[in-house]
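Heads up, coords39.cif below (mmCIF, C-alpha atoms and all ligand atoms):
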```cif
data_entry
#
loop_
_atom_site.label_atom_id
_atom_site.label_comp_id
_atom_site.auth_asym_id
_atom_site.auth_seq_id
_atom_site.Cartn_x
_atom_site.Cartn_y
_atom_site.Cartn_z
CA MET O 846 98.54 87.90 69.54
CA SER O 847 98.07 84.18 69.01
CA PRO O 848 100.98 82.58 70.85
CA GLY O 849 103.31 80.65 68.58
CA ASN O 850 105.80 78.12 69.91
CA ASN O 851 107.98 80.66 71.71
CA GLU O 852 105.43 83.40 72.19
CA LYS O 853 103.97 84.01 75.63
CA PRO O 854 100.18 84.08 76.08
CA ALA O 855 98.74 87.59 76.25
CA ILE O 856 96.65 88.96 79.08
CA CYS O 857 95.05 92.40 79.13
CA ALA O 858 94.66 94.21 82.46
CA LEU O 859 91.89 96.84 82.47
CA LEU O 860 92.03 99.52 85.17
CA GLY O 861 88.74 101.33 85.78
CA SER O 862 90.07 103.73 88.42
CA PRO O 863 91.44 107.17 87.52
CA ARG O 864 93.88 106.89 90.44
CA ARG O 865 97.06 105.31 89.14
CA GLN O 866 98.46 104.99 92.65
CA GLY O 867 95.14 104.06 94.25
CA ASN O 868 94.12 100.85 95.96
CA THR O 869 92.51 99.36 92.84
CA ALA O 870 95.69 100.00 90.85
CA LEU O 871 97.75 98.42 93.65
CA LEU O 872 95.59 95.28 93.70
CA LEU O 873 95.71 95.05 89.93
CA SER O 874 99.52 95.36 89.95
CA ARG O 875 99.75 92.31 92.23
CA ALA O 876 97.49 90.26 89.95
CA VAL O 877 99.56 91.38 86.94
CA ALA O 878 102.77 90.35 88.72
CA GLY O 879 101.28 86.90 89.33
CA ALA O 880 100.21 86.50 85.69
CA ARG O 881 103.67 87.54 84.49
CA GLU O 882 105.28 85.10 86.90
CA ALA O 883 103.14 82.37 85.34
CA GLY O 884 104.66 83.17 81.95
CA CYS O 885 102.21 85.62 80.33
CA THR O 886 102.77 89.04 78.80
CA VAL O 887 100.40 91.61 80.26
CA THR O 888 99.23 94.82 78.58
CA THR O 889 97.66 97.28 81.00
CA VAL O 890 94.96 99.62 79.70
CA ILE O 891 94.13 102.57 81.96
CA VAL O 892 90.59 103.22 80.80
CA PRO O 893 90.10 106.75 82.27
CA SER O 894 93.20 107.86 80.31
CA LEU O 895 91.80 106.79 76.94
CA GLU O 896 90.23 109.38 74.66
CA PHE O 897 87.01 108.00 73.28
CA SER O 898 83.35 108.73 72.82
CA PRO O 899 80.55 106.77 74.49
CA CYS O 900 78.47 104.60 72.14
CA ARG O 901 76.31 106.82 69.91
CA GLU O 902 73.95 104.03 68.81
CA ILE O 903 74.79 104.52 65.16
CA TYR O 904 74.58 100.72 64.85
CA PHE O 905 77.16 100.58 62.08
CA CYS O 906 78.25 97.42 63.94
CA ARG O 907 74.98 95.65 63.10
CA ASP O 908 76.41 94.99 59.65
CA ASN O 909 80.16 95.55 60.15
CA ASP O 910 82.70 94.01 62.49
CA ARG O 911 83.96 97.43 63.52
CA CYS O 912 82.72 100.69 65.00
CA LYS O 913 82.04 103.78 62.93
CA LEU O 914 83.69 105.94 65.61
CA GLN O 915 87.45 106.34 65.21
CA ASP O 916 89.12 107.08 68.53
CA GLY O 917 91.10 105.61 71.40
CA ILE O 918 89.12 102.36 71.34
CA THR O 919 89.53 101.60 67.64
CA GLY O 920 93.00 100.10 68.08
CA LEU O 921 91.90 98.01 71.07
CA TYR O 922 89.35 95.84 69.22
CA PRO O 923 92.07 93.58 67.73
CA LEU O 924 93.64 93.26 71.18
CA PHE O 925 90.32 92.12 72.66
CA ALA O 926 89.73 89.65 69.84
CA SER O 927 93.18 88.10 70.26
CA LEU O 928 93.91 88.24 74.00
CA ASP O 929 94.21 84.95 75.88
CA SER O 930 92.66 86.17 79.15
CA LEU O 931 91.61 89.33 80.93
CA ILE O 932 91.86 91.00 84.33
CA ILE O 933 89.39 93.79 85.16
CA ALA O 934 90.01 95.94 88.24
CA THR O 935 87.51 98.63 89.18
CA PRO O 936 86.25 100.62 92.11
CA VAL O 937 82.51 100.77 92.76
CA MET O 938 81.09 104.19 91.91
CA THR O 939 77.44 105.06 92.57
CA MET O 940 76.87 101.34 93.16
CA GLY O 941 78.06 100.46 89.66
CA VAL O 942 80.91 100.54 87.17
CA PRO O 943 82.63 103.98 86.95
CA GLY O 944 81.49 106.01 83.93
CA ALA O 945 84.66 105.70 81.83
CA LEU O 946 84.82 101.94 82.21
CA LYS O 947 81.08 101.56 81.58
CA SER O 948 81.37 103.62 78.38
CA PHE O 949 84.34 101.48 77.39
CA MET O 950 82.27 98.31 77.89
CA ASP O 951 79.36 99.76 75.89
CA ARG O 952 81.65 100.25 72.88
CA PHE O 953 82.01 96.47 72.68
CA GLN O 954 78.59 96.33 71.08
CA VAL O 955 80.77 95.55 68.05
CA PHE O 956 81.44 92.15 69.64
CA TYR O 957 77.79 91.76 70.72
CA CYS O 958 76.44 92.29 67.20
CA ALA O 959 78.99 89.95 65.64
CA LYS O 960 78.24 87.22 68.20
CA TYR O 961 74.49 87.52 68.72
CA LEU O 962 73.09 89.23 65.62
CA ARG O 963 75.33 87.83 62.89
CA ASN O 964 76.31 84.58 64.63
CA SER O 965 79.91 85.28 63.68
CA PRO O 966 81.93 85.93 66.87
CA LEU O 967 85.09 88.00 66.53
CA VAL O 968 86.98 85.63 68.83
CA ALA O 969 88.46 82.49 67.27
CA PRO O 970 86.79 79.21 68.37
CA GLU O 971 90.01 77.79 69.88
CA LYS O 972 90.41 80.90 72.07
CA ARG O 973 86.76 80.81 73.16
CA LYS O 974 87.51 77.47 74.79
CA TYR O 975 90.00 78.77 77.36
CA ARG O 976 89.73 82.57 77.74
CA ASN O 977 88.84 83.63 81.30
CA THR O 978 88.45 86.85 83.27
CA LEU O 979 89.60 87.60 86.80
CA PHE O 980 87.36 90.36 88.19
CA ILE O 981 88.68 92.64 90.96
CA SER O 982 86.54 95.28 92.62
CA ILE O 983 86.84 97.61 95.60
CA ALA O 984 84.01 99.38 97.43
CA GLY O 985 84.31 102.17 99.95
CA MET O 986 81.28 101.03 101.93
CA ASN O 987 80.37 97.72 103.51
CA LEU O 988 76.90 96.93 102.20
CA PRO O 989 75.47 93.51 101.27
CA ASP O 990 74.73 94.63 97.70
CA ASN O 991 77.96 96.62 97.20
CA PHE O 992 79.09 94.61 94.18
CA ASP O 993 75.77 93.66 92.55
CA GLY O 994 75.95 96.46 89.96
CA VAL O 995 79.60 96.09 88.96
CA ARG O 996 79.28 92.32 88.81
CA GLN O 997 76.24 92.40 86.51
CA SER O 998 77.99 94.74 84.05
CA ALA O 999 81.22 92.76 84.20
CA LEU O 1000 79.37 89.46 83.60
CA ALA O 1001 77.61 90.91 80.56
CA PHE O 1002 80.81 92.43 79.14
CA CYS O 1003 82.77 89.22 79.65
CA ASP O 1004 80.06 87.19 77.93
CA ILE O 1005 79.96 89.61 74.99
CA ILE O 1006 83.74 89.40 74.43
CA ASP O 1007 83.84 85.63 75.01
CA CYS O 1008 86.06 85.88 78.06
CA PRO O 1009 83.87 84.53 80.89
CA LEU O 1010 84.19 85.85 84.42
CA THR O 1011 85.52 82.83 86.34
CA ASP O 1012 87.19 84.30 89.42
CA GLU O 1013 86.88 87.42 91.54
CA ILE O 1014 88.35 89.41 94.40
CA LEU O 1015 85.92 91.78 96.12
CA VAL O 1016 87.24 94.16 98.77
CA ARG O 1017 84.65 96.01 100.85
CA ASP O 1018 84.92 98.77 103.45
CA MET O 1019 87.83 100.48 101.71
CA ASP O 1020 86.85 103.73 103.45
CA GLY O 1021 87.65 101.95 106.71
CA LYS O 1022 90.69 100.04 105.42
CA LYS O 1023 92.15 103.17 103.74
CA ASP O 1024 95.40 101.66 102.41
CA LEU O 1025 95.67 98.11 101.06
CA ASN O 1026 99.38 98.07 101.89
CA ARG O 1027 98.17 97.44 105.44
CA PHE O 1028 96.50 94.20 104.26
CA PRO O 1029 99.23 91.99 102.78
CA GLU O 1030 96.89 88.97 102.77
CA ILE O 1031 94.61 90.73 100.26
CA LEU O 1032 97.58 91.68 98.06
CA ASP O 1033 98.78 88.07 98.25
CA GLU O 1034 95.36 86.84 97.16
CA ALA O 1035 95.53 89.11 94.11
CA TYR O 1036 99.00 87.79 93.23
CA ARG O 1037 97.84 84.18 93.68
CA LYS O 1038 94.70 84.62 91.58
CA GLY O 1039 96.63 86.45 88.85
CA ARG O 1040 99.11 83.61 88.83
CA MET O 1041 96.33 81.00 88.65
CA LEU O 1042 94.79 82.80 85.68
CA GLY O 1043 98.19 82.91 83.98
CA GLU O 1044 98.94 79.25 84.68
CA HIS O 1045 95.57 78.22 83.27
CA VAL O 1046 96.18 80.06 80.03
CA VAL O 1047 99.81 78.89 79.70
CA ALA O 1048 98.61 75.27 80.07
CA ALA O 1049 95.72 75.83 77.63
CA VAL O 1050 97.80 77.28 74.80
CA LYS O 1051 100.38 74.46 75.11
CA LYS O 1052 97.72 71.84 74.27
C1 LIG O 1101 82.40 109.13 92.49
C2 LIG O 1101 82.53 108.03 93.49
C3 LIG O 1101 81.44 107.25 93.77
C4 LIG O 1101 81.54 106.22 94.70
N1 LIG O 1101 80.45 105.45 94.95
C5 LIG O 1101 80.54 104.41 95.82
C6 LIG O 1101 79.42 103.57 96.06
O1 LIG O 1101 78.35 103.73 95.50
N2 LIG O 1101 79.57 102.52 96.93
C7 LIG O 1101 80.75 102.28 97.59
O2 LIG O 1101 80.84 101.34 98.35
N3 LIG O 1101 81.84 103.08 97.37
C8 LIG O 1101 81.77 104.13 96.50
N4 LIG O 1101 82.87 104.93 96.26
C9 LIG O 1101 84.13 104.64 96.99
C10 LIG O 1101 85.14 103.87 96.14
O3 LIG O 1101 84.61 102.65 95.69
C11 LIG O 1101 86.39 103.59 96.98
O4 LIG O 1101 86.90 104.81 97.47
C12 LIG O 1101 87.48 102.87 96.23
O5 LIG O 1101 88.45 102.47 97.15
C13 LIG O 1101 88.19 103.73 95.21
O6 LIG O 1101 89.25 102.98 94.70
P1 LIG O 1101 90.55 103.69 94.07
O7 LIG O 1101 91.00 104.70 95.05
O8 LIG O 1101 91.51 102.61 93.88
O9 LIG O 1101 90.12 104.28 92.78
C14 LIG O 1101 82.79 105.98 95.36
C15 LIG O 1101 83.88 106.78 95.07
C16 LIG O 1101 83.77 107.80 94.14
C17 LIG O 1101 84.98 108.65 93.84
#
```

Would you encode the structure as structure tokens?
Ligand SMILES: Cc1cc2nc3c(=O)[nH]c(=O)nc-3n(C[C@H](O)[C@H](O)[C@H](O)COP(=O)(O)O)c2cc1C
Amino acid sequence: MSPGNNEKPAICALLGSPRRQGNTALLLSRAVAGAREAGCTVTTVIVPSLEFSPCREIYFCRDNDRCKLQDGITGLYPLFASLDSLIIATPVMTMGVPGALKSFMDRFQVFYCAKYLRNSPLVAPEKRKYRNTLFISIAGMNLPDNFDGVRQSALAFCDIIDCPLTDEILVRDMDGKKDLNRFPEILDEAYRKGRMLGEHVVAAVKK
């Protein structure tokens, strides 16, 4: 997925919510629209729809740049090595990342071992210079520490895959707000931040 002269940069959009028509999916769709408008191709991965096993701690990846498990994540490793930037959108569940998305993140121990144990990252050096992540999260409640858990996991995941978390949209009190369609300013912010992410990557790959 390395963009050639005419190829558009590639962004992956990860949805952590099982609700395809939910508020998280809606916010993500606005960010994706902005990134596309900036000139990127966007592949959306709906994590709760993937069939995969949580990490089994076999640690095959200590010595190999792949996972021993063969399932719905196997084909996504090349995508995550080659993507130009990432958008993660997730609800808060039990003050953290929902189980499916957390299990997905854990499976990227393949990238952790390559980077930190073998000093041989799976992401090419030129891509490591410009890859960024836009992090979007929604919480039902309105508590000061609503996003501490999801943010910590997202920061760790983004570091492991060499796609640092550089921007975020955090929406609290979703139980009170109910439907984000009633808050066009929040949807506009998602579009604008998706577009900014896309513009950054388009400019970076042109250099
Ligand atoms: C299993 C579950 C656990 C949840 N735990 C929390 C929580 O700990 N804190 C919070 O603020 N909201 C919590 N929520 C509320 C969701 O974050 C909120 O409803 C969010 O808008 C869901 O987004 P979605 O409908 O786009 O998937 C939880 C929801 C579910 C279904």

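What separates atom CA of O:Leu988 from atom CA of O:Arg1037 is a distance of 26.0 Å.
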
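With distances restricted to all atoms listed in the file, O:Leu946 is the closest residue to O:Leu895 from O:Leu946, O:Ala883, O:Ala876, O:Val1046.
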
key: Residues near O:Glu1013, cut-off 10 Å, only C-alpha atoms, skip fewer than 5 positions along chain, as a PyMOL selection string   = chain O and resi 932-934+978-982+996+1035+1038

inquiry  = List as a VMD selection string the protein and nucleic acid residues near O:Lys1023, meaning an atom at most 12 Å away when only C-alpha atoms are counted, but skip any in the same chain fewer than 6 places from it.
reply    = chain O and resid 867 to 869 983 to 986 1016 to 1017

Restricting it to C-alpha atoms, dump the selection as a short mmCIF file (atom, residue, chain, number, x, y, z; two decimals), in the coordinates of the input.
```cif
data_model
loop_
_atom_site.label_atom_id
_atom_site.label_comp_id
_atom_site.auth_asym_id
_atom_site.auth_seq_id
_atom_site.Cartn_x
_atom_site.Cartn_y
_atom_site.Cartn_z
CA GLY O 867 95.14 104.06 94.25
CA ASN O 868 94.12 100.85 95.96
CA THR O 869 92.51 99.36 92.84
CA ILE O 983 86.84 97.61 95.60
CA ALA O 984 84.01 99.38 97.43
CA GLY O 985 84.31 102.17 99.95
CA MET O 986 81.28 101.03 101.93
CA VAL O 1016 87.24 94.16 98.77
CA ARG O 1017 84.65 96.01 100.85
#
```

Box dimensions and centre (Å, one decimal) enclosing ligand LIG 1101 (chain O), axis-aligned, 5 Å extra per side, as JSON:
```
{"center_x": 84.9, "center_y": 105.2, "center_z": 95.4, "size_x": 23.2, "size_y": 17.8, "size_z": 15.9}
```

task = Give as a ChimeraX atom specification the residues surrounding ligand LIG 1101 (chain O) up to a distance of 12 Å, considering only C-alpha atoms and all ligand atoms.
result = /O:860-874,891,893,934-945,981-995,1015-1025

What are the closest atom pairs, with distances in Å to one decimal, for all residues of stretch 948-1003 of chain O lying within 8 Å of stretch 898-907 of chain O? Consider all atoms listed in the file, order rows by chain and residue number, and present the result as CSV.
```
residue,atom,partner,partner_atom,distance
O:Ser948,CA,O:Pro899,CA,5.1
O:Phe949,CA,O:Pro899,CA,7.1
O:Asp951,CA,O:Cys900,CA,6.2
O:Arg952,CA,O:Cys900,CA,5.4
O:Gln954,CA,O:Cys906,CA,7.2
O:Val955,CA,O:Cys906,CA,5.2
O:Cys958,CA,O:Arg907,CA,5.5
O:Ala959,CA,O:Arg907,CA,7.4
O:Leu962,CA,O:Arg907,CA,7.2
O:Arg963,CA,O:Arg907,CA,7.8
```

Given the selection you just returned, output its residues as a file containing C-alpha atoms, formatted as a PDB file, in the frame of the given file.
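Listed below is the output, result.pdb:
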```pdb
ATOM      1  CA  SER O 948      81.370 103.620  78.380  1.00  0.00           C
ATOM      2  CA  PHE O 949      84.340 101.480  77.390  1.00  0.00           C
ATOM      3  CA  ASP O 951      79.360  99.760  75.890  1.00  0.00           C
ATOM      4  CA  ARG O 952      81.650 100.250  72.880  1.00  0.00           C
ATOM      5  CA  GLN O 954      78.590  96.330  71.080  1.00  0.00           C
ATOM      6  CA  VAL O 955      80.770  95.550  68.050  1.00  0.00           C
ATOM      7  CA  CYS O 958      76.440  92.290  67.200  1.00  0.00           C
ATOM      8  CA  ALA O 959      78.990  89.950  65.640  1.00  0.00           C
ATOM      9  CA  LEU O 962      73.090  89.230  65.620  1.00  0.00           C
ATOM     10  CA  ARG O 963      75.330  87.830  62.890  1.00  0.00           C
TER      11      ARG O 963
END
```

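Using only C-alpha atoms, the shortest contact distance between O:Ser930 and any of O:Thr886, O:Asn1026, O:Asn977, O:Gln997 is found at O:Asn977.
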
Gap from atom CA of O:Gly1043 to atom CA of O:Ile856 - Å, one decimal = 7.9 Å

Please return as a PDB file with C-alpha atoms, in the frame of the given file every residue within 9 Å of (86.7, 83.1, 74.2), taking into account all atoms listed in the file and the file's own coordinates.
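Printed below is selection.pdb as written:
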```pdb
ATOM      1  CA  ALA O 926      89.730  89.650  69.840  1.00  0.00           C
ATOM      2  CA  LEU O 928      93.910  88.240  74.000  1.00  0.00           C
ATOM      3  CA  ASP O 929      94.210  84.950  75.880  1.00  0.00           C
ATOM      4  CA  SER O 930      92.660  86.170  79.150  1.00  0.00           C
ATOM      5  CA  VAL O 968      86.980  85.630  68.830  1.00  0.00           C
ATOM      6  CA  ALA O 969      88.460  82.490  67.270  1.00  0.00           C
ATOM      7  CA  PRO O 970      86.790  79.210  68.370  1.00  0.00           C
ATOM      8  CA  GLU O 971      90.010  77.790  69.880  1.00  0.00           C
ATOM      9  CA  LYS O 972      90.410  80.900  72.070  1.00  0.00           C
ATOM     10  CA  ARG O 973      86.760  80.810  73.160  1.00  0.00           C
ATOM     11  CA  LYS O 974      87.510  77.470  74.790  1.00  0.00           C
ATOM     12  CA  TYR O 975      90.000  78.770  77.360  1.00  0.00           C
ATOM     13  CA  ARG O 976      89.730  82.570  77.740  1.00  0.00           C
ATOM     14  CA  ASN O 977      88.840  83.630  81.300  1.00  0.00           C
ATOM     15  CA  ASP O1004      80.060  87.190  77.930  1.00  0.00           C
ATOM     16  CA  ILE O1006      83.740  89.400  74.430  1.00  0.00           C
ATOM     17  CA  ASP O1007      83.840  85.630  75.010  1.00  0.00           C
ATOM     18  CA  CYS O1008      86.060  85.880  78.060  1.00  0.00           C
ATOM     19  CA  PRO O1009      83.870  84.530  80.890  1.00  0.00           C
TER      20      PRO O1009
END
```

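Interatomic distance, atom CA of O:Glu1030 against atom CA of O:Val877: 16.2 Å.
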
message = Let me make sure I understand: among O:Thr919, O:Asn909, O:Ser998, O:Thr1011, which one has the smallest atom-to-atom distance to O:Pro966 if we use only C-alpha atoms?
response = O:Asn909

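Of the listed residues (O:Asp910, O:Ala878, O:Leu931, O:Ile1031), O:Leu931 comes nearest to O:Pro854; the distances count all atoms listed in the file.
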
inquiry  = Just checking: using only C-alpha atoms, which residue out of O:Met950, O:Ile1014, O:Cys885, O:Leu967 ends up closest to O:Leu1000?
reply    = O:Met950
